[in-house]
Amino acid sequence: MSDLVKVEPGIKGLMASEAVRAKFAEILGKNANAFISSVTTLATTTKLSECNPKSILSSAVAAASLNLQVTPSLGFAAIVPYKSRDGMMAQFQVMAKGFLQLALRTGQFRTINVTEICDGEMKSLNRLTGEFDFSGEKKSDKVIGYAAYFELINGFSKSLYMTTEQIEQHGKKFSKTYDFSGSSWKTNFDAMARKTVLKLLLSRYAPLSVEMQSAITHDQSIVTTDENLDIADFTYIDNEDQPEEIVIPEDVKPNRKTQ
């Protein structure tokens with residue numbers, strides 16, 4: 001795919017090149033053209049237009065490899081602009097609906113869900129087992145926390161509850177953009193909170209398919225692809241390292257550079 005260096009500069013040129021189109025066709029088949037179109041539109045009509053084009057392309061490859069659309073209205077995955085020491089770069093993110101989709105594809109889950117908990121609904125929480133009862137009477141629309149739950153076909157089940165304050169502390173600790181006015185934490189806290197609780201629950205207790213491992217590994221990173229447009233590396237630019245609660249299996253963790 002050496003012809004990547006010969007194409008018109010910018011994301012439009014990259015996405016229109018024969019090498020790139022062939023790669024997405026290899027990954028997505030008949031859905032490749034629609035995916036390329038959505039990435040190109042996103043990259044030319046939002047602040048992504050200020051980002052390094054190759055970082056946008058690499059994030060798109062990461063999303064395609066998981067078969068997750070990046071159209072914002074769908075909420076499966078996102079490519080977001082991030083200001084780094086090397087300039088504006090595109091960061092790949094998997095959202096809550098994306099993790100739900102990947103879990104369901106495994107065929108091992110009987111049920112899986114994530115929801116907000118409002119004031120008055122939480123009756124009890126067992127800190128040892130993680131089990132909770134939120135059948136109480138709702139007092140107001142004030143959200144006091146978020147809960148995620150899954151049950152496998154084999155009967156194993158697990159849940160996780162985090163208060164709004166715990167999620168805020170998690171965001172502040174692991175995202176340098178938490179306090180930025182335009183960050184996802186400020187513009188869509190609900191989506192980020194749901195993702196946080198669900199991702200932590202799955203990464204701690206769920207059986208992880210290869211796709212799920214890749215999603216957890218590449219989430220919130222700057223993805224780098226090689227000359228064949230295969231994922232070669234990733235850098236956690238948003239935080240110095242992954243949250244300590246998330247354990248990345250060694251067999252899916254390439255040599256990684258941190259900043």
# chains A, B, ... in the order shown; residues from 1 in each chain; ligands from 1
call {"tool": "select_by_dssp", "arguments": {"residues": "stretch 52-177 of chain A", "states": "strand (DSSP E or B)", "output": "PyMOL selection string"}}
result
chain A and resi 77-84+87-94+109-118+124-125+132-133+143-152+157-163
call {"tool": "select_by_dssp", "arguments": {"residues": "stretch 18-222 of chain A", "states": "helix (DSSP H, G or I)", "output": "MDAnalysis selection string"}}
result
chainID A and resid 18:45 47:50 53:65 96:105 164:174 184:187 189:205 210:218
call {"tool": "residues_around", "arguments": {"residues": "A:Phe35", "least_positions_apart": "3", "cutoff": "10 Å", "atoms": "only C-alpha atoms", "output": "tab-separated table (two decimals) with N, CA, C and O atoms, in the first residue's frame"}}
result
chain	number	residue	atom	x	y	z
A	24	PHE	N	-10.66	-1.11	3.54
A	24	PHE	CA	-11.97	-1.12	4.18
A	24	PHE	C	-12.90	-2.15	3.54
A	24	PHE	O	-13.75	-2.74	4.21
A	25	ALA	N	-12.72	-2.38	2.24
A	25	ALA	CA	-13.51	-3.42	1.57
A	25	ALA	C	-13.13	-4.78	2.12
A	25	ALA	O	-13.99	-5.67	2.29
A	28	LEU	N	-14.80	-4.67	5.79
A	28	LEU	CA	-16.24	-4.48	5.92
A	28	LEU	C	-17.07	-5.02	4.76
A	28	LEU	O	-18.30	-5.01	4.83
A	30	LYS	N	-19.33	-5.25	1.69
A	30	LYS	CA	-20.24	-4.36	0.99
A	30	LYS	C	-20.58	-3.09	1.78
A	30	LYS	O	-21.13	-2.14	1.23
A	31	ASN	N	-20.26	-3.06	3.06
A	31	ASN	CA	-20.55	-1.89	3.89
A	31	ASN	C	-19.41	-0.87	3.88
A	31	ASN	O	-19.50	0.17	4.54
A	32	ALA	N	-18.35	-1.15	3.14
A	32	ALA	CA	-17.16	-0.30	3.16
A	32	ALA	C	-17.45	1.11	2.65
A	32	ALA	O	-17.02	2.10	3.26
A	38	SER	N	-19.13	8.02	5.75
A	38	SER	CA	-19.45	8.60	7.06
A	38	SER	C	-18.21	9.16	7.74
A	38	SER	O	-18.27	10.23	8.36
A	39	VAL	N	-17.07	8.47	7.60
A	39	VAL	CA	-15.83	8.97	8.19
A	39	VAL	C	-15.39	10.26	7.50
A	39	VAL	O	-14.99	11.23	8.16
A	40	THR	N	-15.48	10.29	6.19
A	40	THR	CA	-15.08	11.48	5.44
A	40	THR	C	-15.94	12.68	5.81
A	40	THR	O	-15.43	13.79	6.03
A	41	THR	N	-17.24	12.47	5.91
A	41	THR	CA	-18.14	13.56	6.30
A	41	THR	C	-17.82	14.05	7.70
A	41	THR	O	-17.74	15.26	7.95
A	60	ALA	N	-10.26	5.22	12.23
A	60	ALA	CA	-11.31	4.62	11.40
A	60	ALA	C	-11.05	3.13	11.19
A	60	ALA	O	-11.99	2.31	11.19
A	63	ALA	N	-12.09	1.31	14.32
A	63	ALA	CA	-13.54	1.18	14.39
A	63	ALA	C	-14.04	0.11	13.43
A	63	ALA	O	-14.90	-0.71	13.76
A	64	ALA	N	-13.51	0.12	12.20
A	64	ALA	CA	-13.93	-0.85	11.19
A	64	ALA	C	-13.57	-2.26	11.60
A	64	ALA	O	-14.34	-3.20	11.37
A	67	ASN	N	-16.12	-3.47	13.56
A	67	ASN	CA	-17.42	-3.34	12.90
A	67	ASN	C	-18.36	-2.44	13.70
A	67	ASN	O	-19.53	-2.76	13.93
A	68	LEU	N	-17.82	-1.29	14.14
A	68	LEU	CA	-18.60	-0.30	14.88
A	68	LEU	C	-18.65	0.99	14.08
A	68	LEU	O	-17.61	1.54	13.71
A	69	GLN	N	-19.85	1.46	13.80
A	69	GLN	CA	-20.01	2.72	13.08
A	69	GLN	C	-19.58	3.89	13.95
A	69	GLN	O	-19.72	3.86	15.18
A	70	VAL	N	-19.07	4.95	13.33
A	70	VAL	CA	-18.62	6.13	14.07
A	70	VAL	C	-19.58	7.31	13.92
A	70	VAL	O	-19.28	8.41	14.39
A	71	THR	N	-20.73	7.09	13.28
A	71	THR	CA	-21.72	8.14	13.15
A	71	THR	C	-22.20	8.52	14.55
A	71	THR	O	-22.70	7.66	15.29
call {"tool": "closest_atom_pairs", "arguments": {"of": "stretch 30-72 of chain A", "to": "stretch 218-223 of chain A", "cutoff": "7 Å", "atoms": "only C-alpha atoms", "output": "JSON lines"}}
result
{"residue": "A:Ser55", "atom": "CA", "partner": "A:Val223", "partner_atom": "CA", "distance": 6.8}
{"residue": "A:Ser58", "atom": "CA", "partner": "A:Val223", "partner_atom": "CA", "distance": 5.6}
{"residue": "A:Ser59", "atom": "CA", "partner": "A:Val223", "partner_atom": "CA", "distance": 5.8}
call {"tool": "residues_around", "arguments": {"residues": "A:Ile56", "least_positions_apart": "4", "cutoff": "8 Å", "atoms": "only C-alpha atoms", "output": "VMD selection string"}}
result
chain A and resid 11 43 48 51 to 52 60 79 89 to 91
call {"tool": "atom_distance", "arguments": {"atom1": "atom CA of A:Glu50", "atom2": "atom CA of A:Ala77"}}
result
19.6 Å
call {"tool": "closest_atom_pairs", "arguments": {"of": "stretch 46-147 of chain A", "to": "stretch 182-190 of chain A", "cutoff": "10 Å", "atoms": "only C-alpha atoms", "output": "JSON lines"}}
result
{"residue": "A:Val80", "atom": "CA", "partner": "A:Ser184", "partner_atom": "CA", "distance": 9.2}
{"residue": "A:Pro81", "atom": "CA", "partner": "A:Ser183", "partner_atom": "CA", "distance": 9.7}
{"residue": "A:Tyr82", "atom": "CA", "partner": "A:Ser183", "partner_atom": "CA", "distance": 9.5}
{"residue": "A:Thr115", "atom": "CA", "partner": "A:Asp190", "partner_atom": "CA", "distance": 9.6}
{"residue": "A:Glu116", "atom": "CA", "partner": "A:Asp190", "partner_atom": "CA", "distance": 8.2}
{"residue": "A:Val143", "atom": "CA", "partner": "A:Asp190", "partner_atom": "CA", "distance": 9.5}
{"residue": "A:Tyr146", "atom": "CA", "partner": "A:Asp190", "partner_atom": "CA", "distance": 9.1}
call {"tool": "write_last_selection", "arguments": {"atoms": "N, CA, C and O atoms", "output": "PDB file, in the first residue's frame"}}
result
ATOM      1  N   VAL A  80     -12.599  11.377  18.051  1.00  0.00           N
ATOM      2  CA  VAL A  80     -12.671  12.717  18.632  1.00  0.00           C
ATOM      3  C   VAL A  80     -11.325  13.432  18.518  1.00  0.00           C
ATOM      4  O   VAL A  80     -10.266  12.807  18.579  1.00  0.00           O
ATOM      5  N   PRO A  81     -11.351  14.753  18.335  1.00  0.00           N
ATOM      6  CA  PRO A  81     -10.111  15.517  18.243  1.00  0.00           C
ATOM      7  C   PRO A  81      -9.462  15.683  19.611  1.00  0.00           C
ATOM      8  O   PRO A  81     -10.158  15.833  20.620  1.00  0.00           O
ATOM      9  N   TYR A  82      -8.139  15.637  19.641  1.00  0.00           N
ATOM     10  CA  TYR A  82      -7.424  15.765  20.897  1.00  0.00           C
ATOM     11  C   TYR A  82      -6.157  16.586  20.655  1.00  0.00           C
ATOM     12  O   TYR A  82      -5.373  16.286  19.755  1.00  0.00           O
ATOM     13  N   THR A 115     -27.778   1.411  33.281  1.00  0.00           N
ATOM     14  CA  THR A 115     -28.844   2.376  33.506  1.00  0.00           C
ATOM     15  C   THR A 115     -28.459   3.393  34.576  1.00  0.00           C
ATOM     16  O   THR A 115     -27.567   3.146  35.394  1.00  0.00           O
ATOM     17  N   GLU A 116     -29.158   4.515  34.559  1.00  0.00           N
ATOM     18  CA  GLU A 116     -28.968   5.514  35.608  1.00  0.00           C
ATOM     19  C   GLU A 116     -29.836   5.149  36.809  1.00  0.00           C
ATOM     20  O   GLU A 116     -30.861   4.483  36.665  1.00  0.00           O
ATOM     21  N   VAL A 143     -30.011  12.221  39.175  1.00  0.00           N
ATOM     22  CA  VAL A 143     -29.272  10.970  39.016  1.00  0.00           C
ATOM     23  C   VAL A 143     -28.188  10.889  40.084  1.00  0.00           C
ATOM     24  O   VAL A 143     -27.338  11.773  40.175  1.00  0.00           O
ATOM     25  N   TYR A 146     -24.905   5.180  38.572  1.00  0.00           N
ATOM     26  CA  TYR A 146     -25.148   4.359  37.381  1.00  0.00           C
ATOM     27  C   TYR A 146     -24.838   2.917  37.722  1.00  0.00           C
ATOM     28  O   TYR A 146     -23.913   2.627  38.488  1.00  0.00           O
TER      29      TYR A 146
END
call {"tool": "residues_around", "arguments": {"residues": "A:Ser214", "least_positions_apart": "2", "cutoff": "9 Å", "atoms": "only C-alpha atoms", "output": "count of residues only"}}
result
12
call {"tool": "closest_residue", "arguments": {"among": "A:Ala206, A:Met88, A:Ile27, A:Ile144", "to": "A:Leu100", "atoms": "only C-alpha atoms"}}
result
A:Ala206
